[in-house]
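Here is the file input13.cif (mmCIF, C-alpha atoms).
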```cif
data_entry
loop_
_atom_site.label_atom_id
_atom_site.label_comp_id
_atom_site.auth_asym_id
_atom_site.auth_seq_id
_atom_site.Cartn_x
_atom_site.Cartn_y
_atom_site.Cartn_z
CA MET S 204 21.74 -0.95 44.05
CA ARG S 205 19.72 1.44 41.94
CA LYS S 206 22.18 0.88 39.15
CA TYR S 207 20.84 -2.61 38.66
CA SER S 208 17.20 -1.94 39.26
CA TRP S 209 16.53 -2.05 35.51
CA ILE S 210 17.59 -5.72 35.52
CA VAL S 211 14.99 -6.51 38.17
CA MET S 212 12.40 -4.55 36.23
CA LEU S 213 13.24 -6.34 33.00
CA ALA S 214 13.13 -9.72 34.70
CA SER S 215 9.75 -9.04 36.27
CA LEU S 216 8.44 -7.72 32.97
CA SER S 217 9.49 -10.80 31.06
CA ALA S 218 7.93 -12.98 33.75
CA MET S 219 4.61 -11.19 33.33
CA ALA S 220 4.63 -10.73 29.58
CA GLN S 221 2.29 -12.90 27.55
CA THR S 222 4.46 -14.50 24.93
CA PRO S 223 2.92 -15.88 21.73
CA VAL S 224 3.46 -19.36 23.17
CA ASP S 225 1.42 -18.41 26.24
CA ASP S 226 -1.34 -16.99 24.07
CA PHE S 227 -1.48 -20.22 22.13
CA PHE S 228 -1.80 -22.42 25.22
CA TYR S 229 -4.22 -20.15 27.09
CA GLN S 230 -6.76 -20.02 24.25
CA SER S 231 -9.87 -22.23 24.00
CA GLY S 232 -9.93 -23.10 27.69
CA LYS S 233 -6.26 -24.24 27.64
CA ILE S 234 -7.25 -27.32 25.65
CA TYR S 235 -3.89 -27.29 23.81
CA VAL S 236 -2.17 -28.01 27.13
CA VAL S 237 -3.91 -31.39 27.01
CA VAL S 238 -2.77 -31.87 23.41
CA ALA S 239 0.81 -30.99 24.33
CA ILE S 240 0.78 -33.47 27.20
CA LEU S 241 -0.43 -36.21 24.86
CA VAL S 242 2.45 -35.31 22.55
CA ILE S 243 4.96 -35.50 25.43
CA ILE S 244 3.70 -38.95 26.42
CA PHE S 245 3.69 -40.19 22.83
CA LEU S 246 7.21 -38.90 22.12
CA LEU S 247 8.78 -40.31 25.28
CA LEU S 248 7.11 -43.71 24.90
CA THR S 249 8.08 -43.88 21.22
CA LEU S 250 11.66 -42.87 22.01
CA TYR S 251 11.89 -45.72 24.52
CA LEU S 252 10.32 -48.28 22.16
CA VAL S 253 12.64 -47.26 19.30
CA ARG S 254 15.63 -47.78 21.59
CA LEU S 255 14.25 -51.20 22.55
CA ASP S 256 13.85 -51.98 18.85
CA LYS S 257 17.49 -51.06 18.21
CA LYS S 258 18.66 -53.37 20.98
CA ILE S 259 16.63 -56.25 19.51
CA ALA S 260 18.04 -55.52 16.05
CA GLN S 261 21.54 -55.64 17.53
CA LEU S 262 20.81 -59.06 19.06
CA GLU S 263 19.48 -60.35 15.76
CA LYS S 264 22.61 -59.17 14.00
CA GLU S 265 24.84 -60.93 16.54
CA ARG S 266 22.87 -64.15 16.14
CA ASN S 267 23.11 -64.10 12.36
CA GLU S 268 26.86 -63.60 12.52
CA ALA S 269 27.37 -66.43 14.99
CA MET Q 66 -17.23 -37.98 27.05
CA PRO Q 67 -18.34 -34.91 29.00
CA ALA Q 68 -15.95 -33.33 31.48
CA PRO Q 69 -16.21 -30.14 33.55
CA ASP Q 70 -14.79 -27.15 31.64
CA ASP Q 71 -14.77 -24.50 34.34
CA ILE Q 72 -12.67 -25.59 37.32
CA GLY Q 73 -10.84 -22.31 38.00
CA ILE Q 74 -7.32 -22.13 36.59
CA LEU Q 75 -7.62 -25.67 35.26
CA ALA Q 76 -10.26 -24.73 32.67
CA ARG Q 77 -10.42 -27.68 30.28
CA THR Q 78 -7.04 -29.12 31.29
CA ILE Q 79 -8.91 -31.27 33.81
CA ARG Q 80 -8.69 -33.90 31.05
CA ASN Q 81 -5.03 -34.33 31.91
CA LEU Q 82 -6.33 -36.33 34.84
CA HIS Q 83 -6.60 -39.27 32.44
CA PHE Q 84 -2.96 -38.94 31.36
CA HIS Q 85 -0.76 -37.43 34.06
CA VAL Q 86 -2.17 -39.35 37.03
CA PRO Q 87 -2.17 -42.87 35.49
CA MET Q 88 1.55 -42.42 34.73
CA TRP Q 89 2.18 -42.52 38.46
CA PHE Q 90 -0.27 -45.38 38.96
CA THR Q 91 1.62 -47.34 36.32
CA MET Q 92 4.94 -46.52 37.95
CA ILE Q 93 3.68 -47.74 41.33
CA VAL Q 94 2.19 -50.95 39.88
CA LEU Q 95 5.45 -51.74 38.05
CA LEU Q 96 7.41 -51.08 41.24
CA VAL Q 97 5.12 -53.41 43.21
CA VAL Q 98 5.75 -56.17 40.65
CA SER Q 99 9.48 -55.47 40.82
CA TYR Q 100 9.35 -55.58 44.63
CA ILE Q 101 7.61 -58.97 44.64
CA TYR Q 102 10.13 -60.42 42.16
CA GLY Q 103 12.96 -58.91 44.17
CA ILE Q 104 11.82 -60.81 47.26
CA LYS Q 105 11.33 -63.98 45.19
CA PHE Q 106 14.87 -63.60 43.87
CA LEU Q 107 16.28 -63.23 47.37
CA ARG Q 108 14.53 -66.46 48.39
CA THR Q 109 15.48 -68.59 45.37
CA GLY Q 110 18.51 -66.97 43.68
CA ASP Q 111 16.99 -67.59 40.25
CA MET Q 112 18.53 -65.03 37.87
CA ARG Q 113 15.36 -64.85 35.77
CA LEU Q 114 13.58 -63.27 38.73
CA ASP Q 115 16.34 -60.66 38.96
CA SER Q 116 15.91 -59.81 35.28
CA MET Q 117 12.19 -59.45 35.89
CA SER Q 118 12.70 -57.21 38.92
CA SER Q 119 15.26 -54.92 37.27
CA SER Q 120 13.32 -54.63 33.99
CA PHE Q 121 10.21 -53.52 35.82
CA VAL Q 122 12.16 -50.88 37.75
CA LYS Q 123 13.65 -49.54 34.51
CA VAL Q 124 10.31 -49.21 32.74
CA SER Q 125 8.75 -47.73 35.88
CA MET Q 126 11.41 -44.99 35.70
CA LEU Q 127 10.24 -44.21 32.16
CA PHE Q 128 6.70 -43.70 33.41
CA GLY Q 129 7.97 -41.66 36.35
CA LEU Q 130 9.85 -39.37 33.97
CA ILE Q 131 6.77 -38.97 31.77
CA GLY Q 132 4.81 -38.21 34.95
CA LEU Q 133 7.27 -35.46 35.89
CA ALA Q 134 7.36 -34.01 32.36
CA THR Q 135 3.58 -33.93 31.95
CA GLY Q 136 3.13 -32.56 35.47
CA SER Q 137 5.67 -29.82 34.87
CA PHE Q 138 4.00 -28.79 31.62
CA TRP Q 139 0.56 -28.82 33.21
CA ALA Q 140 1.90 -26.70 36.08
CA ARG Q 141 3.37 -24.13 33.68
CA PHE Q 142 -0.05 -23.25 32.27
CA THR Q 143 -2.09 -23.54 35.46
CA TRP Q 144 0.20 -22.51 38.35
CA GLY Q 145 2.34 -20.38 36.03
CA THR Q 146 5.65 -22.12 36.68
CA TRP Q 147 7.49 -25.23 35.51
CA TRP Q 148 8.56 -26.19 39.00
CA ILE Q 149 7.90 -24.98 42.51
CA GLU Q 150 9.04 -25.93 46.00
CA ASP Q 151 6.16 -28.17 46.95
CA ALA Q 152 5.91 -31.31 49.03
CA LYS Q 153 4.36 -33.36 46.24
CA LEU Q 154 6.80 -32.23 43.55
CA ASN Q 155 9.91 -32.53 45.65
CA GLY Q 156 8.78 -35.88 47.05
CA ALA Q 157 8.28 -37.26 43.54
CA ALA Q 158 11.64 -35.91 42.37
CA ILE Q 159 13.51 -37.42 45.32
CA GLY Q 160 11.64 -40.70 44.81
CA LEU Q 161 12.77 -40.85 41.19
CA LEU Q 162 16.35 -39.99 42.13
CA MET Q 163 16.26 -42.87 44.61
CA TYR Q 164 15.51 -45.27 41.78
CA ALA Q 165 18.15 -43.58 39.63
CA ALA Q 166 20.55 -44.67 42.38
CA TYR Q 167 19.23 -48.22 41.84
CA TYR Q 168 20.57 -48.01 38.26
CA ILE Q 169 23.93 -46.78 39.46
CA LEU Q 170 24.10 -49.54 42.07
CA ARG Q 171 23.43 -52.19 39.42
CA GLY Q 172 25.96 -50.67 37.07
CA SER Q 173 28.68 -50.71 39.69
CA ILE Q 174 28.65 -54.46 40.50
CA GLU Q 175 30.26 -56.95 38.10
CA ASP Q 176 29.16 -60.29 39.53
CA GLU Q 177 25.56 -60.90 38.43
CA ASN Q 178 24.51 -62.88 41.48
CA GLN Q 179 25.82 -60.23 43.83
CA ARG Q 180 24.35 -57.47 41.68
CA GLY Q 181 20.95 -59.15 41.93
CA LYS Q 182 21.16 -59.52 45.71
CA PHE Q 183 22.36 -55.96 46.34
CA SER Q 184 19.75 -54.39 44.12
CA ALA Q 185 16.93 -56.58 45.50
CA VAL Q 186 17.83 -55.55 49.05
CA TYR Q 187 18.06 -51.91 47.97
CA ASN Q 188 14.63 -52.23 46.34
CA LEU Q 189 13.27 -53.81 49.53
CA PHE Q 190 14.01 -50.60 51.44
CA ALA Q 191 13.56 -48.11 48.61
CA PHE Q 192 9.96 -48.94 47.77
CA PRO Q 193 8.39 -48.18 51.18
CA ILE Q 194 10.37 -44.92 51.30
CA PHE Q 195 9.19 -44.12 47.76
CA ILE Q 196 5.54 -44.54 48.80
CA VAL Q 197 6.11 -42.33 51.83
CA LEU Q 198 7.77 -39.67 49.66
CA ILE Q 199 5.14 -39.48 46.93
CA ILE Q 200 1.93 -40.17 48.89
CA ILE Q 201 2.21 -39.88 52.67
CA TYR Q 202 4.66 -36.97 53.05
CA PRO Q 203 2.80 -34.64 50.60
CA ARG Q 204 -0.49 -35.47 52.30
CA MET Q 205 0.90 -34.54 55.70
CA ALA Q 206 2.44 -31.29 54.44
CA GLU Q 207 0.75 -28.12 55.66
CA THR Q 208 0.36 -26.52 52.26
CA SER Q 209 0.62 -27.75 48.71
CA LEU Q 210 -0.52 -26.63 45.28
CA HIS Q 211 -0.91 -30.20 44.09
CA PRO Q 212 -4.42 -31.69 44.33
CA ALA Q 213 -5.02 -34.26 47.09
CA SER Q 214 -1.97 -33.17 49.08
CA GLY Q 215 -1.48 -30.67 51.87
CA ASP Q 216 -4.47 -28.35 52.10
CA THR Q 217 -5.63 -28.85 48.50
CA ILE Q 218 -8.67 -30.96 47.73
CA GLY Q 219 -8.53 -33.90 45.35
CA PHE Q 220 -10.40 -34.24 42.08
CA SER Q 221 -12.80 -36.76 43.58
CA THR Q 222 -14.57 -33.91 45.39
CA LEU Q 223 -15.05 -31.99 42.11
CA ASP Q 224 -16.33 -34.88 40.06
CA LEU Q 225 -19.87 -34.72 41.39
CA ASP Q 226 -21.69 -36.39 38.51
CA ASN Q 227 -19.01 -39.05 37.99
CA ASP Q 228 -18.25 -37.94 34.44
CA LEU Q 229 -14.51 -38.05 34.99
CA ARG Q 230 -14.50 -41.35 36.84
CA LYS Q 231 -15.98 -43.26 33.92
CA VAL Q 232 -13.01 -42.36 31.74
CA PHE Q 233 -10.40 -42.18 34.48
CA TYR Q 234 -10.73 -45.78 35.72
CA LEU Q 235 -10.61 -47.17 32.19
CA ALA Q 236 -7.70 -44.91 31.23
CA GLY Q 237 -5.84 -45.93 34.39
CA LEU Q 238 -6.31 -49.61 33.58
CA GLY Q 239 -5.20 -49.05 29.99
CA TRP Q 240 -2.00 -47.20 30.92
CA ILE Q 241 -1.14 -49.81 33.54
CA LEU Q 242 -1.56 -52.63 31.02
CA LEU Q 243 0.58 -50.72 28.50
CA GLY Q 244 3.28 -50.27 31.14
CA VAL Q 245 3.23 -53.93 32.13
CA TRP Q 246 3.46 -54.95 28.47
CA ILE Q 247 6.48 -52.71 27.81
CA ALA Q 248 8.12 -53.99 30.99
CA THR Q 249 7.66 -57.62 29.90
CA LEU Q 250 9.23 -56.74 26.51
CA LYS Q 251 12.19 -55.29 28.39
CA TYR Q 252 12.32 -58.44 30.54
CA ARG Q 253 12.36 -60.75 27.52
CA LEU Q 254 15.16 -58.75 25.94
CA THR Q 255 17.19 -58.74 29.17
CA GLU Q 256 16.70 -62.50 29.54
CA ILE Q 257 17.91 -63.25 25.99
CA LYS Q 258 20.97 -61.08 26.53
CA ARG Q 259 21.74 -62.74 29.86
CA LYS Q 260 21.45 -66.24 28.37
CA ASP Q 261 23.72 -65.24 25.47
CA GLU Q 262 26.34 -64.08 27.93
CA GLU Q 263 26.11 -67.35 29.88
CA ILE Q 264 27.08 -69.41 26.85
#
```
As structure tokens, what does this structure read like?
Amino acid sequence: MRKYSWIVMLASLSAMAQTPVDDFFYQSGKIYVVVAILVIIFLLLTLYLVRLDKKIAQLEKERNEA
Amino acid sequence: MPAPDDIGILARTIRNLHFHVPMWFTMIVLLVVSYIYGIKFLRTGDMRLDSMSSSFVKVSMLFGLIGLATGSFWARFTWGTWWIEDAKLNGAAIGLLMYAAYYILRGSIEDENQRGKFSAVYNLFAFPIFIVLIIIYPRMAETSLHPASGDTIGFSTLDLDNDLRKVFYLAGLGWILLGVWIATLKYRLTEIKRKDEEI
């Protein structure tokens, strides 16, 4: 078991380490977490609306051909 | 608008209350509308009501997914993990999967009348279970990290000077209206497609 203990150590180290991404989101009272969540909402809603737009465009195309 | 900046690990992320929570409100409102139209469809057999019911379920899934994504991100920088075994989180995930099964059910039936009936009956049973999974079961759980479930207090107890409420109620209303609008767009599109196929 001791042979693999370095894996456990590495894994626990990486779990604890503050990555640059963590530093970014933990600064200024974690306010960028709120920004990121706004971005998530905006992107997902936009993605859905663009897909809806494509479906409407497809319908229009079919109508013009008919 | 002022908001508390010092609630423990939340720090200033308390503002997510106006974004993450209304996603679930919107999902529930859309599902209620879908439920009502499902029952109406079962009583009358009018295919327009089925389009209405299914469109609202589909858009409610979108808001549910956004709710999960925003919640997961919020959890990463407050609880320190993307996902954790927790009554609220697991309940929400199972609830969403239940409505994913609604999609699969609809996709598997060719005849539109039968598809409408099967999915309306499925919806009839799925919605009460969904409410139990995302609200009642987490509340009855012994422990939970999520606010207002298990042994964790809700935000209402922290918002002593009603600063958050002023924004939260308006934001909730706004997100719900946005959701209903997108769902009606989806309904109109579904209806046009259905009529085209009839001809």
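Using the PyMOL selection byres ((chain S) within 7 of (chain Q)) on the file at hand returns these residues: Gly232, Lys233, Ile234, Val236, Val237, Ile240, Ile243, Ile244 and Leu247 of chain S.
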Practice task
Evaluate the PyMOL selection byres ((chain Q and resi 95-109) around 7) and record the selected residues as a list in words, following the chain and residue labels used in the document.
Solution key: Thr91, Met92, Ile93, Val94, Gly110, Asp111, Leu114, Asp115, Met117, Ser118, Ser119, Phe121, Val122, Ser125, Lys182, Ala185, Asn188, Leu189 and Val245 of chain Q
Practice task
Taking the file as shown, find all residues satisfying the PyMOL selection byres ((chain Q and resi 152) around 7) and write them as an MDAnalysis selection string.
Solution key: chainID Q and resid 150:151 153:156 203 206 209
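The coordinates place atom CA of Val86 of chain Q at 18.7 Å from atom CA of Trp246 of chain Q.
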Which neighbours of segment 218-220 of chain Q fall inside 10 Å, counting all atoms listed in the file, when residues of the same chain fewer than 4 positions from it are skipped, and could you give them as a PDB file with C-alpha atoms, in the coordinates of the input?
```pdb
ATOM      1  CA  ILE Q  79      -8.910 -31.270  33.810  1.00  0.00           C
ATOM      2  CA  LEU Q  82      -6.330 -36.330  34.840  1.00  0.00           C
ATOM      3  CA  SER Q 209       0.620 -27.750  48.710  1.00  0.00           C
ATOM      4  CA  LEU Q 210      -0.520 -26.630  45.280  1.00  0.00           C
ATOM      5  CA  HIS Q 211      -0.910 -30.200  44.090  1.00  0.00           C
ATOM      6  CA  PRO Q 212      -4.420 -31.690  44.330  1.00  0.00           C
ATOM      7  CA  ALA Q 213      -5.020 -34.260  47.090  1.00  0.00           C
ATOM      8  CA  SER Q 214      -1.970 -33.170  49.080  1.00  0.00           C
ATOM      9  CA  ASP Q 224     -16.330 -34.880  40.060  1.00  0.00           C
ATOM     10  CA  LEU Q 225     -19.870 -34.720  41.390  1.00  0.00           C
ATOM     11  CA  LEU Q 229     -14.510 -38.050  34.990  1.00  0.00           C
ATOM     12  CA  ARG Q 230     -14.500 -41.350  36.840  1.00  0.00           C
TER      13      ARG Q 230
END
```
Starting from the sparse input, extend segment 213-226 of chain Q to N, CA and C atoms and give the output as a short mmCIF file (atom, residue, chain, number, x, y, z; two decimals), keeping the file's coordinate frame.
```cif
data_model
loop_
_atom_site.label_atom_id
_atom_site.label_comp_id
_atom_site.auth_asym_id
_atom_site.auth_seq_id
_atom_site.Cartn_x
_atom_site.Cartn_y
_atom_site.Cartn_z
N ALA Q 213 -5.05 -33.11 46.18
CA ALA Q 213 -5.02 -34.26 47.09
C ALA Q 213 -3.75 -34.31 47.93
N SER Q 214 -3.08 -33.18 48.12
CA SER Q 214 -1.97 -33.17 49.08
C SER Q 214 -1.98 -31.84 49.81
N GLY Q 215 -1.46 -31.87 51.05
CA GLY Q 215 -1.48 -30.67 51.87
C GLY Q 215 -2.90 -30.19 52.11
N ASP Q 216 -3.14 -28.91 51.84
CA ASP Q 216 -4.47 -28.35 52.10
C ASP Q 216 -5.33 -28.26 50.84
N THR Q 217 -4.89 -28.92 49.76
CA THR Q 217 -5.63 -28.85 48.50
C THR Q 217 -6.52 -30.08 48.34
N ILE Q 218 -7.75 -29.84 47.88
CA ILE Q 218 -8.67 -30.96 47.73
C ILE Q 218 -8.33 -31.78 46.49
N GLY Q 219 -8.77 -33.04 46.51
CA GLY Q 219 -8.53 -33.90 45.35
C GLY Q 219 -9.63 -33.74 44.31
N PHE Q 220 -9.42 -34.36 43.16
CA PHE Q 220 -10.40 -34.24 42.08
C PHE Q 220 -11.69 -34.97 42.40
N SER Q 221 -11.61 -35.96 43.28
CA SER Q 221 -12.80 -36.76 43.58
C SER Q 221 -13.92 -35.88 44.14
N THR Q 222 -13.54 -34.79 44.83
CA THR Q 222 -14.57 -33.91 45.39
C THR Q 222 -15.19 -33.01 44.33
N LEU Q 223 -14.52 -32.85 43.17
CA LEU Q 223 -15.05 -31.99 42.11
C LEU Q 223 -15.92 -32.76 41.13
N ASP Q 224 -15.68 -34.05 41.07
CA ASP Q 224 -16.33 -34.88 40.06
C ASP Q 224 -17.68 -35.36 40.57
N LEU Q 225 -18.62 -34.40 40.70
CA LEU Q 225 -19.87 -34.72 41.39
C LEU Q 225 -20.75 -35.67 40.59
N ASP Q 226 -20.80 -35.49 39.27
CA ASP Q 226 -21.69 -36.39 38.51
C ASP Q 226 -20.93 -37.56 37.86
#
```
